[in-house]
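Let me begin by presenting the structure, written as structure tokens, before commenting on it.
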Amino acid sequence: MKDEQRPRIPVSRRGFLSSAAAGAVAAATGPLAGRADEEAGKKNRWEMRLSTSTIQFSSLPVEEAIARIAGLGFDAVDVWSAHAGCPHLDDVANRLGAQGLVKCCKENGVQLYAFSVYHGGYPRYAELLGKAGGGVAVRGAARAGKPSELAARMKKFLEGLKPDIELAGKHNSFIALENHGGNILNSLAGLKAFVDHNPSKRLGIALAPYHLQGAGVSVPEAIRTVGESLLFFYAWQRGKGLQQLPGHGPADCTPWLAALAEAGYARYVNPFMHHEPPPDEMAKALKKSRDYLMECCRKAAV
């Protein structure tokens with residue numbers, strides 16, 4: 001799919017001003033000032049870029065999954081290891097190879113964004129990710145403990161990640177820790193403790209609203225708390241079946257995108273669900289999610 005067909009939606013990065021207000025300012029200051037304001041505004045725009053995960057098409061070979069994702073207008077892919085039997089990342093490792101994956105992505109006009117390595121762990125795939133050009137490795141985190149022990153547990157957990165962080169540096173990659181339900185990151189306090197004690201820019205957060213909602217945590221507030229440490233964002237809400245996807249369940253994603261824009265989030269928004277339906281139904285559902293997120297961006301820009 002050509003770049004001009006991709007759903008790249010600019011959203012105001014700071015404080016979403018109405019077009020009426022902008023017009024009033026332009027009228028008051030004259031055409032030259034209006035053009036200057038317009039040019040300045042373009043430089044401060046946030047661009048939504050979309051990815052999705054190959055596990056959404058886990059019944060298909062990895063090349064077909066990537067082709068489906070590209071055909072839906074997504075900009076990038078997240079390749080999954082063997083969670084719930086997804087064959088894709090191991091198939092890349094054993095058959096396709098790094099250059100085969102790069103070639104497949106290039107032929108389909110998408111970027112390689114991430115490897116999700118919940119099953120198998122980052123070290124197993126670190127060299128492969130590096131040879132494919134580097135990217136983000138998404139994995140879990142330590143379990144939560146007593147609130148009084150949060151800082152100490154976080155420091156210990158992050159200390160144990162130093163070998164993986166060194167690997168990420170060697171292979172031009174990043175590690176993103178997900179806030180799974182019941183783990184040390186699934187609260188505002190946990191996310192703040194991570195930010196306060198994070199030892200490396202190679203390490204960040206993969207934020208999953210599904211789990212935040214389960215813990216009663218505000219998604220926009222979590223985005224603001226994580227700030228520059230946000231490396232991966234799941235557009236994923238609490239629900240059953242397709243209700244997990246944006247535009248299918250009840251969550252209004254406009255405030256999520258507004259918070260991402262305010263934070264200057266520079267990576268991808270990744271619509272996601274577990275227990276995916278058959279490929280054709282999944283493709284239709286993801287198209288609806290894509291269109292819905294585009295509309296949320298338009299609302300956020302008003």
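Labels used: A, B, ... for chains in the order of the structure tokens, numbers from 1 for residues in each chain, and numbers from 1 for ligands as shown.
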
Which neighbours of Tyr113 in chain A fall inside 12 Å, counting only C-alpha atoms, when residues of the same chain fewer than 6 positions from it are skipped, and could you give them as a compact mmCIF listing (two decimals) with N, CA and C atoms, in the first residue's frame?
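What landed in result_30.txt:
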# COMPACT_ATOMS: atom_id res chain seq x y z
N ARG A 49 0.41 7.28 14.06
CA ARG A 49 0.82 6.18 13.19
C ARG A 49 0.28 4.89 13.80
N LEU A 50 -0.15 3.99 12.97
CA LEU A 50 -0.85 2.79 13.43
C LEU A 50 -0.06 1.52 13.11
N SER A 51 -0.02 0.64 14.08
CA SER A 51 0.50 -0.72 13.88
C SER A 51 -0.54 -1.70 14.41
N THR A 52 -0.33 -2.96 14.12
CA THR A 52 -1.06 -4.00 14.83
C THR A 52 -0.20 -5.25 14.89
N SER A 53 -0.65 -6.22 15.65
CA SER A 53 0.16 -7.39 15.99
C SER A 53 -0.19 -8.59 15.11
N THR A 54 0.82 -9.35 14.72
CA THR A 54 0.57 -10.49 13.84
C THR A 54 -0.27 -11.57 14.50
N ILE A 66 1.34 -10.39 7.66
CA ILE A 66 1.89 -9.07 7.38
C ILE A 66 1.18 -8.44 6.18
N PHE A 74 -2.31 -0.27 7.83
CA PHE A 74 -1.44 -0.04 8.99
C PHE A 74 -0.02 0.29 8.53
N ASP A 75 0.67 1.05 9.35
CA ASP A 75 2.01 1.52 9.01
C ASP A 75 3.10 0.55 9.43
N ALA A 76 2.84 -0.30 10.42
CA ALA A 76 3.90 -1.14 10.99
C ALA A 76 3.31 -2.40 11.60
N VAL A 77 4.21 -3.36 11.90
CA VAL A 77 3.78 -4.64 12.47
C VAL A 77 4.56 -4.95 13.75
N ASP A 78 3.89 -5.67 14.61
CA ASP A 78 4.45 -6.23 15.84
C ASP A 78 4.36 -7.75 15.69
N VAL A 79 5.50 -8.43 15.63
CA VAL A 79 5.54 -9.88 15.36
C VAL A 79 5.58 -10.63 16.69
N TRP A 80 4.66 -11.57 16.85
CA TRP A 80 4.50 -12.27 18.13
C TRP A 80 5.21 -13.61 18.17
N LEU A 101 12.34 -11.39 6.73
CA LEU A 101 11.33 -10.56 7.37
C LEU A 101 11.40 -9.13 6.86
N VAL A 102 12.62 -8.61 6.76
CA VAL A 102 12.80 -7.25 6.24
C VAL A 102 12.25 -7.14 4.82
N CYS A 105 8.38 -7.17 4.86
CA CYS A 105 7.85 -5.87 5.30
C CYS A 105 8.00 -4.82 4.20
N LEU A 129 16.25 -9.61 16.16
CA LEU A 129 15.68 -8.27 16.08
C LEU A 129 16.73 -7.27 15.60
N GLY A 130 17.94 -7.41 16.11
CA GLY A 130 19.02 -6.53 15.68
C GLY A 130 19.33 -6.67 14.20
N ALA A 132 17.37 -7.56 11.94
CA ALA A 132 16.24 -7.04 11.16
C ALA A 132 16.17 -5.51 11.21
N GLY A 133 17.14 -4.90 11.87
CA GLY A 133 17.20 -3.44 11.90
C GLY A 133 16.95 -2.83 13.26
N GLY A 134 16.62 -3.67 14.24
CA GLY A 134 16.33 -3.16 15.58
C GLY A 134 14.87 -2.76 15.72
N GLY A 135 14.42 -2.65 16.94
CA GLY A 135 13.03 -2.30 17.20
C GLY A 135 12.75 -2.40 18.68
N VAL A 136 11.50 -2.65 19.02
CA VAL A 136 11.06 -2.75 20.41
C VAL A 136 10.72 -4.19 20.73
N ALA A 137 11.25 -4.71 21.84
CA ALA A 137 10.89 -6.03 22.33
C ALA A 137 9.93 -5.86 23.51
N VAL A 138 8.72 -6.37 23.38
CA VAL A 138 7.69 -6.21 24.41
C VAL A 138 7.65 -7.46 25.28
N SER A 173 18.21 -1.98 19.89
CA SER A 173 16.80 -2.22 20.19
C SER A 173 16.42 -1.63 21.53
N PHE A 174 15.14 -1.75 21.85
CA PHE A 174 14.58 -1.25 23.10
C PHE A 174 13.73 -2.35 23.73
N ILE A 175 13.56 -2.28 25.04
CA ILE A 175 12.72 -3.24 25.76
C ILE A 175 11.56 -2.48 26.38
N ALA A 176 10.34 -2.93 26.12
CA ALA A 176 9.14 -2.31 26.67
C ALA A 176 8.45 -3.29 27.61
N LEU A 231 7.09 3.38 25.11
CA LEU A 231 7.65 2.81 23.87
C LEU A 231 6.63 2.05 23.03
N PHE A 232 5.49 1.70 23.63
CA PHE A 232 4.49 0.89 22.92
C PHE A 232 3.14 1.19 23.55
N PHE A 233 2.11 1.42 22.72
CA PHE A 233 0.78 1.70 23.26
C PHE A 233 -0.25 0.78 22.62
N ARG A 267 5.86 6.89 18.68
CA ARG A 267 5.81 5.55 18.09
C ARG A 267 4.39 5.25 17.60
N TYR A 268 3.96 4.00 17.71
CA TYR A 268 2.73 3.58 17.06
C TYR A 268 1.61 3.32 18.06
N VAL A 269 0.38 3.53 17.59
CA VAL A 269 -0.83 3.15 18.31
C VAL A 269 -1.25 1.80 17.75
N ASN A 270 -1.40 0.80 18.64
CA ASN A 270 -1.52 -0.60 18.23
C ASN A 270 -2.86 -1.21 18.66

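For range 92-228 of chain A, a DSSP pass over the backbone yields strand (DSSP E) at Gln111, Leu112, Tyr113, Ala114, Phe115, Ser116, Val136, Ala137, Val138, Arg139, Phe174, Ile175, Ala176, Leu177, Glu178, Leu203, Gly204, Ile205, Ala206 and Leu207 of chain A.
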
Go ahead and dump the residues you just picked, N, CA and C atoms, as a JSON list (two decimals), in the first residue's frame.
[["chain", "number", "residue", "atom", "x", "y", "z"],
["A", 111, "GLN", "N", 6.58, -1.02, 8.22],
["A", 111, "GLN", "CA", 7.79, -1.05, 9.02],
["A", 111, "GLN", "C", 7.72, -2.19, 10.04],
["A", 112, "LEU", "N", 8.88, -2.75, 10.37],
["A", 112, "LEU", "CA", 8.95, -3.66, 11.52],
["A", 112, "LEU", "C", 9.05, -2.80, 12.76],
["A", 113, "TYR", "N", 8.07, -2.89, 13.63],
["A", 113, "TYR", "CA", 8.02, -2.08, 14.85],
["A", 113, "TYR", "C", 8.54, -2.84, 16.05],
["A", 114, "ALA", "N", 8.02, -4.06, 16.25],
["A", 114, "ALA", "CA", 8.28, -4.75, 17.51],
["A", 114, "ALA", "C", 8.25, -6.26, 17.35],
["A", 115, "PHE", "N", 8.91, -6.91, 18.31],
["A", 115, "PHE", "CA", 8.73, -8.34, 18.58],
["A", 115, "PHE", "C", 8.08, -8.43, 19.96],
["A", 116, "SER", "N", 6.96, -9.14, 20.08],
["A", 116, "SER", "CA", 6.38, -9.41, 21.40],
["A", 116, "SER", "C", 6.88, -10.77, 21.86],
["A", 136, "VAL", "N", 11.50, -2.65, 19.02],
["A", 136, "VAL", "CA", 11.06, -2.75, 20.41],
["A", 136, "VAL", "C", 10.72, -4.19, 20.73],
["A", 137, "ALA", "N", 11.25, -4.71, 21.84],
["A", 137, "ALA", "CA", 10.89, -6.03, 22.33],
["A", 137, "ALA", "C", 9.93, -5.86, 23.51],
["A", 138, "VAL", "N", 8.72, -6.37, 23.38],
["A", 138, "VAL", "CA", 7.69, -6.21, 24.41],
["A", 138, "VAL", "C", 7.65, -7.46, 25.28],
["A", 139, "ARG", "N", 7.70, -7.27, 26.61],
["A", 139, "ARG", "CA", 7.70, -8.39, 27.54],
["A", 139, "ARG", "C", 6.97, -7.99, 28.82],
["A", 174, "PHE", "N", 15.14, -1.75, 21.85],
["A", 174, "PHE", "CA", 14.58, -1.25, 23.10],
["A", 174, "PHE", "C", 13.73, -2.35, 23.73],
["A", 175, "ILE", "N", 13.56, -2.28, 25.04],
["A", 175, "ILE", "CA", 12.72, -3.24, 25.76],
["A", 175, "ILE", "C", 11.56, -2.48, 26.38],
["A", 176, "ALA", "N", 10.34, -2.93, 26.12],
["A", 176, "ALA", "CA", 9.14, -2.31, 26.67],
["A", 176, "ALA", "C", 8.45, -3.29, 27.61],
["A", 177, "LEU", "N", 8.23, -2.88, 28.84],
["A", 177, "LEU", "CA", 7.62, -3.71, 29.88],
["A", 177, "LEU", "C", 6.12, -3.43, 29.94],
["A", 178, "GLU", "N", 5.31, -4.49, 29.86],
["A", 178, "GLU", "CA", 3.86, -4.30, 29.88],
["A", 178, "GLU", "C", 3.33, -4.34, 31.31],
["A", 203, "LEU", "N", 15.13, 1.15, 27.98],
["A", 203, "LEU", "CA", 14.06, 0.46, 28.70],
["A", 203, "LEU", "C", 12.88, 1.39, 28.86],
["A", 204, "GLY", "N", 11.67, 0.88, 28.59],
["A", 204, "GLY", "CA", 10.48, 1.71, 28.71],
["A", 204, "GLY", "C", 9.25, 0.87, 28.99],
["A", 205, "ILE", "N", 8.10, 1.46, 28.70],
["A", 205, "ILE", "CA", 6.80, 0.87, 29.05],
["A", 205, "ILE", "C", 6.00, 0.54, 27.80],
["A", 206, "ALA", "N", 5.35, -0.62, 27.81],
["A", 206, "ALA", "CA", 4.29, -0.96, 26.85],
["A", 206, "ALA", "C", 2.97, -0.85, 27.62],
["A", 207, "LEU", "N", 2.21, 0.19, 27.34],
["A", 207, "LEU", "CA", 1.04, 0.51, 28.15],
["A", 207, "LEU", "C", -0.21, -0.15, 27.58]]

*Find the residues near range 208-217 of chain A: any atom within 7 Å, counting only C-alpha atoms, skip ones fewer than 3 places away on the same chain, and give them as JSON, numbers by chain.*
{"A": [178, 179, 180, 181, 186, 187, 233, 234, 236, 237, 238]}

Mind writing the picked residues with N, CA and C atoms as a JSON list (two decimals), in the first residue's frame?
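Printed below is result.json as written:
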[["chain", "number", "residue", "atom", "x", "y", "z"],
["A", 178, "GLU", "N", 5.31, -4.49, 29.86],
["A", 178, "GLU", "CA", 3.86, -4.30, 29.88],
["A", 178, "GLU", "C", 3.33, -4.34, 31.31],
["A", 179, "ASN", "N", 2.30, -3.52, 31.55],
["A", 179, "ASN", "CA", 1.63, -3.44, 32.85],
["A", 179, "ASN", "C", 0.53, -4.49, 32.97],
["A", 180, "HIS", "N", 0.89, -5.75, 32.90],
["A", 180, "HIS", "CA", -0.13, -6.81, 33.00],
["A", 180, "HIS", "C", -0.82, -6.75, 34.35],
["A", 181, "GLY", "N", -2.07, -7.20, 34.41],
["A", 181, "GLY", "CA", -2.81, -7.21, 35.66],
["A", 181, "GLY", "C", -2.06, -7.94, 36.76],
["A", 186, "ASN", "N", 1.17, -2.03, 37.13],
["A", 186, "ASN", "CA", -0.24, -1.79, 36.84],
["A", 186, "ASN", "C", -0.92, -0.87, 37.85],
["A", 187, "SER", "N", -0.26, 0.25, 38.14],
["A", 187, "SER", "CA", -0.82, 1.31, 38.99],
["A", 187, "SER", "C", -0.05, 2.58, 38.69],
["A", 233, "PHE", "N", 2.11, 1.42, 22.72],
["A", 233, "PHE", "CA", 0.78, 1.70, 23.26],
["A", 233, "PHE", "C", -0.25, 0.78, 22.62],
["A", 234, "TYR", "N", -0.86, -0.06, 23.45],
["A", 234, "TYR", "CA", -1.95, -0.92, 23.01],
["A", 234, "TYR", "C", -3.26, -0.14, 23.00],
["A", 236, "TRP", "N", -6.41, -0.94, 23.37],
["A", 236, "TRP", "CA", -7.01, -2.20, 23.82],
["A", 236, "TRP", "C", -7.81, -1.91, 25.08],
["A", 237, "GLN", "N", -9.09, -2.23, 25.05],
["A", 237, "GLN", "CA", -9.96, -1.92, 26.19],
["A", 237, "GLN", "C", -10.51, -3.19, 26.83],
["A", 238, "ARG", "N", -11.01, -3.03, 28.03],
["A", 238, "ARG", "CA", -11.55, -4.16, 28.77],
["A", 238, "ARG", "C", -12.88, -4.58, 28.16]]

*Find the spatial neighbours of range 154-163 of chain A, counting only C-alpha atoms, within a cut-off of 8 Å - ignore same-chain residues fewer than 5 positions away - and output them as a list in words.*
Ala142, Ile184, Ala193, Phe194, His197, Asn198 and Pro199 of chain A

May I have the residues from that selection written out with C-alpha atoms, as an mmCIF file, in the first residue's frame?
data_model
loop_
_atom_site.group_PDB
_atom_site.id
_atom_site.type_symbol
_atom_site.label_atom_id
_atom_site.label_comp_id
_atom_site.auth_asym_id
_atom_site.auth_seq_id
_atom_site.Cartn_x
_atom_site.Cartn_y
_atom_site.Cartn_z
ATOM 1 C CA ALA A 142 7.572 -8.576 37.974
ATOM 2 C CA ILE A 184 4.404 -4.104 39.553
ATOM 3 C CA ALA A 193 8.397 4.256 40.507
ATOM 4 C CA PHE A 194 9.561 2.850 37.186
ATOM 5 C CA HIS A 197 14.326 4.439 38.904
ATOM 6 C CA ASN A 198 14.639 3.518 35.212
ATOM 7 C CA PRO A 199 18.387 3.103 34.558
#

*Could you give me, as an MDAnalysis selection string, each residue of range 85-220 of chain A that DSSP assigns to helix (DSSP H, G or I) when run on this structure's backbone?*
chainID A and resid 85 88:108 122:131 147:160 162:170 188:197 209:214 219:220

*Could you check which of A:Pro255, A:Pro278, A:Gly97, A:Gly241 is closest to Leu60 in chain A, using only C-alpha atoms?*
A:Pro278

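Of the listed residues A:Glu221, A:Asp291, A:Glu64, A:Glu149, the one whose atoms come nearest to Pro246 in chain A is A:Asp291, with distances taken using only C-alpha atoms.
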
*Which of these, A:Trp46, A:Tyr265, A:Tyr122, A:Trp256, has the shortest distance to Gly227 in chain A once you count only C-alpha atoms?*
A:Tyr265

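Counting only C-alpha atoms and comparing A:Cys297, A:Met282, A:Val62, A:Ile223, the residue that lies closest to Glu262 in chain A is A:Ile223.
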
*What does the distance from CA of Ala126 in chain A to CA of Arg143 in chain A come to in Å, to one decimal?*
23.6 Å

*Please measure the separation of CA of Arg202 in chain A and CA of Gly169 in chain A, giving the value in Å to one decimal.*
6.9 Å

*If you measure from CA of Ser148 in chain A to CA of Ile165 in chain A, what distance in Å do you get, rounded to one decimal?*
26.9 Å
